[in-house]
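Dumped run28.cif below, it's mmCIF, C-alpha atoms:
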data_target
loop_
_atom_site.group_PDB
_atom_site.id
_atom_site.type_symbol
_atom_site.label_atom_id
_atom_site.label_comp_id
_atom_site.auth_asym_id
_atom_site.auth_seq_id
_atom_site.Cartn_x
_atom_site.Cartn_y
_atom_site.Cartn_z
ATOM 1 C CA HIS R 1 -0.301 19.841 6.448
ATOM 2 C CA LEU R 2 -0.946 19.299 2.728
ATOM 3 C CA ALA R 3 2.368 18.688 1.034
ATOM 4 C CA GLU R 4 4.334 18.366 -2.167
ATOM 5 C CA PHE R 5 3.408 14.834 -3.139
ATOM 6 C CA TRP R 6 0.747 15.959 -5.557
ATOM 7 C CA MET R 7 3.742 16.413 -7.872
ATOM 8 C CA ILE R 8 4.602 12.703 -7.744
ATOM 9 C CA ALA R 9 1.337 10.820 -7.310
ATOM 10 C CA PRO R 10 -2.322 11.576 -6.565
ATOM 11 C CA GLU R 11 -1.892 11.074 -2.841
ATOM 12 C CA MET R 12 -3.553 12.444 0.251
ATOM 13 C CA ALA R 13 -1.208 13.953 2.833
ATOM 14 C CA PHE R 14 -1.621 14.130 6.611
ATOM 15 C CA TYR R 15 0.595 14.618 9.632
ATOM 16 C CA ASP R 16 2.006 11.222 10.621
ATOM 17 C CA VAL R 17 1.837 7.545 9.775
ATOM 18 C CA LYS R 18 -0.999 6.847 12.235
ATOM 19 C CA ASP R 19 -3.121 9.474 10.468
ATOM 20 C CA ASN R 20 -2.178 7.668 7.263
ATOM 21 C CA MET R 21 -3.406 4.325 8.585
ATOM 22 C CA ASP R 22 -6.660 5.743 9.948
ATOM 23 C CA LEU R 23 -7.431 7.535 6.706
ATOM 24 C CA ALA R 24 -6.489 4.568 4.519
ATOM 25 C CA GLU R 25 -8.794 2.242 6.449
ATOM 26 C CA ASP R 26 -11.702 4.706 6.388
ATOM 27 C CA PHE R 27 -11.072 5.436 2.701
ATOM 28 C CA LEU R 28 -11.164 1.775 1.650
ATOM 29 C CA LYS R 29 -14.248 1.039 3.737
ATOM 30 C CA TYR R 30 -15.988 4.012 2.155
ATOM 31 C CA LEU R 31 -15.142 2.721 -1.333
ATOM 32 C CA MET R 32 -16.449 -0.776 -0.550
ATOM 33 C CA LYS R 33 -19.670 0.663 0.872
ATOM 34 C CA TYR R 34 -20.086 2.979 -2.111
ATOM 35 C CA ALA R 35 -19.777 0.044 -4.511
ATOM 36 C CA LEU R 36 -22.339 -1.967 -2.549
ATOM 37 C CA ASP R 37 -24.743 0.965 -2.282
ATOM 38 C CA HIS R 38 -24.516 2.186 -5.880
ATOM 39 C CA CYS R 39 -23.456 -0.817 -7.982
ATOM 40 C CA TYR R 40 -25.216 -3.685 -6.261
ATOM 41 C CA ASP R 41 -26.850 -5.046 -9.417
ATOM 42 C CA ASP R 42 -23.465 -5.315 -11.112
ATOM 43 C CA LEU R 43 -21.905 -6.887 -8.039
ATOM 44 C CA GLU R 44 -24.789 -9.343 -7.745
ATOM 45 C CA PHE R 45 -24.243 -10.367 -11.366
ATOM 46 C CA LEU R 46 -20.503 -10.851 -10.804
ATOM 47 C CA ASN R 47 -21.205 -12.709 -7.571
ATOM 48 C CA LYS R 48 -23.593 -15.098 -9.338
ATOM 49 C CA MET R 49 -21.728 -15.624 -12.584
ATOM 50 C CA TYR R 50 -18.056 -15.300 -11.648
ATOM 51 C CA ASP R 51 -17.152 -15.189 -7.941
ATOM 52 C CA ASN R 52 -19.776 -16.311 -5.442
ATOM 53 C CA GLU R 53 -17.810 -14.922 -2.486
ATOM 54 C CA LEU R 54 -17.456 -11.404 -3.899
ATOM 55 C CA ILE R 55 -20.212 -9.591 -1.980
ATOM 56 C CA GLU R 56 -19.321 -11.369 1.263
ATOM 57 C CA ARG R 57 -15.685 -10.312 0.805
ATOM 58 C CA LEU R 58 -16.631 -6.664 0.243
ATOM 59 C CA LYS R 59 -18.839 -6.660 3.319
ATOM 60 C CA GLY R 60 -16.025 -8.267 5.293
ATOM 61 C CA VAL R 61 -13.766 -5.288 4.604
ATOM 62 C CA ILE R 62 -16.407 -2.923 5.963
ATOM 63 C CA GLU R 63 -17.239 -4.991 9.035
ATOM 64 C CA HIS R 64 -13.745 -5.821 10.314
ATOM 65 C CA LYS R 65 -11.220 -3.493 11.867
ATOM 66 C CA PHE R 66 -7.963 -3.840 9.938
ATOM 67 C CA GLU R 67 -5.218 -5.681 11.810
ATOM 68 C CA ARG R 68 -2.168 -3.499 12.490
ATOM 69 C CA LEU R 69 1.303 -4.880 13.145
ATOM 70 C CA THR R 70 4.928 -4.119 12.391
ATOM 71 C CA TYR R 71 6.993 -5.666 9.619
ATOM 72 C CA THR R 72 9.085 -7.397 12.300
ATOM 73 C CA GLU R 73 5.994 -8.983 13.875
ATOM 74 C CA ALA R 74 4.828 -10.099 10.430
ATOM 75 C CA VAL R 75 8.188 -11.734 9.655
ATOM 76 C CA ASP R 76 8.057 -13.587 12.991
ATOM 77 C CA ILE R 77 4.590 -14.922 12.119
ATOM 78 C CA LEU R 78 5.685 -16.008 8.641
ATOM 79 C CA MET R 79 8.839 -17.737 9.889
ATOM 80 C CA ALA R 80 6.868 -19.613 12.545
ATOM 81 C CA SER R 81 4.075 -20.612 10.146
ATOM 82 C CA GLY R 82 5.635 -23.838 8.893
ATOM 83 C CA GLN R 83 4.752 -22.852 5.339
ATOM 84 C CA LYS R 84 7.071 -23.598 2.431
ATOM 85 C CA TRP R 85 7.698 -20.360 0.580
ATOM 86 C CA GLU R 86 8.787 -19.851 -3.000
ATOM 87 C CA TYR R 87 10.681 -16.824 -1.680
ATOM 88 C CA PRO R 88 12.307 -17.513 1.723
ATOM 89 C CA VAL R 89 11.453 -15.127 4.553
ATOM 90 C CA SER R 90 13.943 -13.382 6.821
ATOM 91 C CA TRP R 91 14.173 -9.953 8.419
ATOM 92 C CA GLY R 92 15.182 -7.395 5.824
ATOM 93 C CA VAL R 93 13.692 -9.009 2.713
ATOM 94 C CA ASP R 94 10.867 -7.376 0.801
ATOM 95 C CA LEU R 95 7.677 -9.350 1.395
ATOM 96 C CA GLN R 96 6.191 -11.036 -1.655
ATOM 97 C CA ALA R 97 2.535 -11.536 -2.573
ATOM 98 C CA GLU R 98 2.575 -15.075 -1.130
ATOM 99 C CA HIS R 99 3.659 -13.688 2.259
ATOM 100 C CA GLU R 100 1.170 -10.820 2.234
ATOM 101 C CA ARG R 101 -1.729 -13.056 1.243
ATOM 102 C CA TYR R 102 -0.875 -15.602 3.939
ATOM 103 C CA LEU R 103 -1.129 -12.888 6.586
ATOM 104 C CA VAL R 104 -4.449 -11.607 5.239
ATOM 105 C CA GLU R 105 -6.179 -14.790 4.104
ATOM 106 C CA LYS R 106 -4.937 -17.431 6.531
ATOM 107 C CA HIS R 107 -3.439 -15.945 9.683
ATOM 108 C CA PHE R 108 -5.713 -12.948 10.376
ATOM 109 C CA ASN R 109 -8.514 -13.523 7.839
ATOM 110 C CA LYS R 110 -9.032 -9.781 7.372
ATOM 111 C CA PRO R 111 -7.183 -6.776 5.901
ATOM 112 C CA VAL R 112 -3.813 -6.018 7.442
ATOM 113 C CA ILE R 113 -1.755 -2.828 7.773
ATOM 114 C CA LEU R 114 2.002 -3.382 8.068
ATOM 115 C CA THR R 115 4.279 -0.660 9.435
ATOM 116 C CA ASP R 116 7.919 0.045 10.279
ATOM 117 C CA TYR R 117 9.697 -1.549 7.330
ATOM 118 C CA PRO R 118 13.501 -1.854 7.091
ATOM 119 C CA LYS R 119 14.906 1.327 5.592
ATOM 120 C CA GLU R 120 16.946 -0.645 3.023
ATOM 121 C CA ILE R 121 13.831 -1.805 1.156
ATOM 122 C CA LYS R 122 11.975 1.504 1.177
ATOM 123 C CA ALA R 123 12.329 4.850 -0.581
ATOM 124 C CA PHE R 124 14.877 7.471 0.480
ATOM 125 C CA TYR R 125 12.201 10.005 1.435
ATOM 126 C CA MET R 126 10.601 7.916 4.193
ATOM 127 C CA LYS R 127 11.204 9.200 7.709
ATOM 128 C CA GLN R 128 13.394 6.933 9.820
ATOM 129 C CA ASN R 129 12.418 5.662 13.237
ATOM 130 C CA GLU R 130 14.598 6.225 16.267
ATOM 131 C CA ASP R 131 16.107 2.729 15.947
ATOM 132 C CA GLY R 132 17.973 3.804 12.806
ATOM 133 C CA LYS R 133 16.914 0.581 11.061
ATOM 134 C CA THR R 134 13.266 1.065 10.146
ATOM 135 C CA VAL R 135 11.108 3.739 8.549
ATOM 136 C CA ARG R 136 7.597 5.015 9.156
ATOM 137 C CA GLY R 137 6.118 3.300 6.143
ATOM 138 C CA MET R 138 2.818 1.461 5.928
ATOM 139 C CA ASP R 139 1.212 -0.928 3.445
ATOM 140 C CA VAL R 140 -2.427 -2.014 3.437
ATOM 141 C CA LEU R 141 -2.846 -5.663 2.431
ATOM 142 C CA PHE R 142 -6.067 -7.118 1.030
ATOM 143 C CA PRO R 143 -7.224 -10.689 0.371
ATOM 144 C CA ARG R 144 -6.475 -11.978 -3.160
ATOM 145 C CA ILE R 145 -4.595 -8.747 -3.894
ATOM 146 C CA GLY R 146 -1.757 -8.279 -1.470
ATOM 147 C CA GLU R 147 -0.705 -4.632 -1.255
ATOM 148 C CA ILE R 148 -3.478 -2.237 -2.284
ATOM 149 C CA ILE R 149 -2.157 0.932 -0.604
ATOM 150 C CA GLY R 150 1.396 2.019 0.128
ATOM 151 C CA GLY R 151 2.428 5.105 2.032
ATOM 152 C CA SER R 152 4.661 6.652 4.655
ATOM 153 C CA GLN R 153 5.529 9.636 6.757
ATOM 154 C CA ARG R 154 8.010 11.719 4.742
ATOM 155 C CA GLU R 155 11.312 13.078 5.969
ATOM 156 C CA GLU R 156 10.764 16.825 6.350
ATOM 157 C CA ASN R 157 14.256 17.659 7.623
ATOM 158 C CA LEU R 158 16.591 18.811 4.831
ATOM 159 C CA GLU R 159 19.779 17.666 6.573
ATOM 160 C CA SER R 160 18.436 14.165 7.272
ATOM 161 C CA LEU R 161 17.082 13.845 3.751
ATOM 162 C CA THR R 162 20.383 14.942 2.184
ATOM 163 C CA ARG R 163 22.323 12.501 4.365
ATOM 164 C CA ARG R 164 20.091 9.614 3.280
ATOM 165 C CA ILE R 165 20.475 10.548 -0.387
ATOM 166 C CA GLU R 166 24.253 10.514 0.025
ATOM 167 C CA GLU R 167 24.127 7.107 1.741
ATOM 168 C CA LEU R 168 22.263 5.694 -1.246
ATOM 169 C CA HIS R 169 24.608 7.396 -3.758
ATOM 170 C CA ILE R 170 21.730 9.141 -5.488
ATOM 171 C CA PRO R 171 23.065 12.031 -7.614
ATOM 172 C CA GLU R 172 21.868 15.214 -5.925
ATOM 173 C CA LYS R 173 21.259 16.859 -9.299
ATOM 174 C CA ASP R 174 18.565 14.261 -9.986
ATOM 175 C CA VAL R 175 16.595 15.160 -6.854
ATOM 176 C CA CYS R 176 17.456 18.838 -6.460
ATOM 177 C CA TRP R 177 13.844 19.833 -7.148
ATOM 178 C CA TYR R 178 12.737 17.532 -4.312
ATOM 179 C CA LEU R 179 15.283 18.928 -1.878
ATOM 180 C CA ASP R 180 14.005 22.422 -2.708
ATOM 181 C CA THR R 181 10.630 21.458 -1.239
ATOM 182 C CA ARG R 182 12.452 21.074 2.088
ATOM 183 C CA ARG R 183 14.932 23.892 1.651
ATOM 184 C CA PHE R 184 12.246 26.510 1.093
ATOM 185 C CA GLY R 185 9.805 25.346 3.727
ATOM 186 C CA THR R 186 7.808 22.271 4.617
ATOM 187 C CA ALA R 187 5.967 20.661 7.531
ATOM 188 C CA PRO R 188 5.766 17.165 9.018
ATOM 189 C CA HIS R 189 3.534 15.215 6.656
ATOM 190 C CA SER R 190 2.621 11.785 5.374
ATOM 191 C CA GLY R 191 0.807 10.388 2.373
ATOM 192 C CA PHE R 192 -0.296 7.252 0.561
ATOM 193 C CA GLY R 193 -1.185 6.036 -2.898
ATOM 194 C CA LEU R 194 -3.993 3.653 -3.829
ATOM 195 C CA GLY R 195 -3.459 1.130 -6.605
ATOM 196 C CA PHE R 196 -6.541 1.939 -8.692
ATOM 197 C CA GLU R 197 -6.434 -1.176 -10.884
ATOM 198 C CA ARG R 198 -5.931 -3.300 -7.769
ATOM 199 C CA LEU R 199 -9.014 -1.687 -6.258
ATOM 200 C CA ILE R 200 -11.073 -2.507 -9.360
ATOM 201 C CA LEU R 201 -9.662 -6.046 -9.351
ATOM 202 C CA PHE R 202 -10.833 -6.516 -5.757
ATOM 203 C CA VAL R 203 -14.262 -4.940 -6.237
ATOM 204 C CA THR R 204 -15.059 -6.941 -9.394
ATOM 205 C CA GLY R 205 -13.575 -10.244 -8.285
ATOM 206 C CA MET R 206 -11.537 -10.603 -11.464
ATOM 207 C CA ALA R 207 -8.537 -12.938 -11.277
ATOM 208 C CA ASN R 208 -6.103 -11.110 -13.556
ATOM 209 C CA ILE R 209 -5.262 -7.426 -13.336
ATOM 210 C CA ARG R 210 -4.967 -7.230 -17.117
ATOM 211 C CA ASP R 211 -8.749 -7.578 -17.278
ATOM 212 C CA VAL R 212 -9.348 -4.343 -15.351
ATOM 213 C CA ILE R 213 -6.660 -2.039 -16.769
ATOM 214 C CA PRO R 214 -8.466 0.764 -18.670
ATOM 215 C CA PHE R 215 -6.570 0.218 -21.916
ATOM 216 C CA PRO R 216 -8.129 -1.091 -25.125
ATOM 217 C CA ARG R 217 -6.883 -4.642 -25.688
ATOM 218 C CA THR R 218 -7.317 -5.315 -29.384
ATOM 219 C CA PRO R 219 -5.057 -7.160 -31.821
ATOM 220 C CA LYS R 220 -1.856 -5.380 -32.897
ATOM 221 C CA ASN R 221 -2.285 -2.241 -30.778
ATOM 222 C CA ALA R 222 0.104 -2.934 -27.874
ATOM 223 C CA GLU R 223 2.556 -0.299 -29.092
ATOM 224 C CA PHE R 224 3.887 0.524 -25.646
#

Could I get this structure in the form of structure tokens?
Amino acid sequence: HLAEFWMIAPEMAFYDVKDNMDLAEDFLKYLMKYALDHCYDDLEFLNKMYDNELIERLKGVIEHKFERLTYTEAVDILMASGQKWEYPVSWGVDLQAEHERYLVEKHFNKPVILTDYPKEIKAFYMKQNEDGKTVRGMDVLFPRIGEIIGGSQREENLESLTRRIEELHIPEKDVCWYLDTRRFGTAPHSGFGLGFERLILFVTGMANIRDVIPFPRTPKNAEF
């Protein structure tokens, strides 16, 4: 079931959103274990000199099964939390970092996978659920980071995909190449993308993502 998304992002593709969640959890646990097994001296240094909870946090990802719940369940938890939010929460809004981190760091105290987001806040290519309101998307949320992985099951049906593009008033000429991947043959598939800098931010314990972006930061060279 490998699919076309290699053309858009370096993603891994599998059949449905549950496969996506299983793979994403295994993938992240593997990466945490690899860092602990092969870079322990560096992590020990960072743990001692910069963030004394770093190694414990990495081990926590490996040891805990990720919590899985729907966007709707998450919104219910946030609205009942009694917290004062900078960005108010209601069904249909895109969750902000403060909401994601509350779920991970305070409510569940472990990584969280959210699913079934409202279709209005997600991309046109995500497959819709039978309720007509939500899509088969999933985000993996980490402590201190928020979203570290985003993915979904894709819409493989040409007619459904074209109808959604028309609803959103996306010019068909701009996505004709994408529609061709359905027109000339496809299969049910899903995929996800990992935020690489966010991964490095989590593994190193750094506080600002600018410190882990692989771009030389020297005076007068920020041309882009």

Please give the centre and size of the box around range 195-213 of chain R (axis-aligned, containing every atom listed in the file, 5 Å added per side), with values in Å to one decimal and written as lines of an AutoDock Vina configuration file.
center_x = -9.3
center_y = -5.5
center_z = -11.5
size_x = 21.6
size_y = 24.9
size_z = 21.5

Using all atoms listed in the file for the distances, tell me which of R:Pro216, R:Gln128, R:Arg136, R:His107 is nearest to Ala80 in chain R.
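Residue with the minimum atom-to-atom distance to Ala80 in chain R: R:His107.
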
Do you have the CA of Arg182 in chain R-CA of Leu158 in chain R distance handy?
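So the answer is 5.5 Å.
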
If we count only C-alpha atoms, what is near range 117-125 of chain R at a cut-off of 8 Å, once residues fewer than 3 positions away on the same chain are taken out, given as a PyMOL selection string?
chain R and resi 70-72+92-94+114+128+133-138+154-155+161+164-165+168

Which of these residues is nearest to Asp180 in chain R, using only C-alpha atoms: R:Asp16, R:Gly193, R:Leu28, R:Asn157?
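The shortest atom-to-atom distance to Asp180 in chain R comes from R:Asn157.
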
Please identify all polymer residues within 9 Å of Gly195 in chain R, counting only C-alpha atoms, omitting same-chain residues fewer than 6 positions from it, and present them as a list in words.
Glu147, Ile148, Ile149 and Gly150 of chain R

Counting all atoms listed in the file, which residues come within 12 Å of (8.4, -20.8, -4.2), with the point read in the file's coordinates, and could you list them as a PyMOL selection string?
chain R and resi 83-89+96-99

Separation of CA of Lys110 in chain R from CA of Ser81 in chain R in Å
17.2 Å

Near Val112 in chain R, within 6 Å and counting only C-alpha atoms, which residues show up once chain neighbours fewer than 3 positions away are dropped, as a count of residues only?
5

Ground truth for the PyMOL selection byres ((chain R and resi 199-204) around 7), written as a PyMOL selection string
chain R and resi 43+46+145+148+195-198+205-206+209+212

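We find CA of Lys59 in chain R and CA of Glu73 in chain R to be spaced 27.1 Å apart.
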
Give the answer as one residue: which of R:Lys220, R:Lys18, R:Lys127, R:Arg57 has the shortest atom-to-atom distance to Lys33 in chain R, using only C-alpha atoms?
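Smallest separation from Lys33 in chain R among the options: R:Arg57.
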
Nearest-residue call for Ala74 in chain R, choices R:Asn47, R:Asn52, R:Asn109, R:Thr115, using all atoms listed in the file
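Of the candidates, the smallest distance to Ala74 in chain R is held by R:Thr115.
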
Closest of R:Lys29, R:Asn20, R:Val61, R:Glu156 to Pro188 in chain R - atom-to-atom distances counting all atoms listed in the file:
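Closest candidate: R:Glu156.
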
Block slice range 118-139 of chain R, C-alpha atoms, emitted as a PDB file, in the first residue's frame:
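Below is the file result13.pdb, written as the result:
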ATOM      1  CA  PRO R 118     -13.135  18.381  12.297  1.00  0.00           C
ATOM      2  CA  LYS R 119     -12.788  18.400   8.526  1.00  0.00           C
ATOM      3  CA  GLU R 120     -12.803  22.226   8.425  1.00  0.00           C
ATOM      4  CA  ILE R 121      -9.405  22.474  10.135  1.00  0.00           C
ATOM      5  CA  LYS R 122      -7.664  19.721   8.191  1.00  0.00           C
ATOM      6  CA  ALA R 123      -6.354  19.279   4.656  1.00  0.00           C
ATOM      7  CA  PHE R 124      -8.624  18.486   1.705  1.00  0.00           C
ATOM      8  CA  TYR R 125      -6.997  15.102   1.076  1.00  0.00           C
ATOM      9  CA  MET R 126      -7.911  13.559   4.440  1.00  0.00           C
ATOM     10  CA  LYS R 127     -10.552  10.843   4.275  1.00  0.00           C
ATOM     11  CA  GLN R 128     -13.840  11.793   5.913  1.00  0.00           C
ATOM     12  CA  ASN R 129     -15.556   9.695   8.540  1.00  0.00           C
ATOM     13  CA  GLU R 130     -19.116   8.508   8.125  1.00  0.00           C
ATOM     14  CA  ASP R 131     -20.424  11.381  10.278  1.00  0.00           C
ATOM     15  CA  GLY R 132     -19.568  13.861   7.518  1.00  0.00           C
ATOM     16  CA  LYS R 133     -18.006  16.203  10.092  1.00  0.00           C
ATOM     17  CA  THR R 134     -14.658  14.660  10.980  1.00  0.00           C
ATOM     18  CA  VAL R 135     -11.689  13.167   9.158  1.00  0.00           C
ATOM     19  CA  ARG R 136      -9.364  10.257   9.831  1.00  0.00           C
ATOM     20  CA  GLY R 137      -6.468  12.415  10.907  1.00  0.00           C
ATOM     21  CA  MET R 138      -4.118  11.833  13.815  1.00  0.00           C
ATOM     22  CA  ASP R 139      -1.562  13.935  15.686  1.00  0.00           C
TER      23      ASP R 139
END
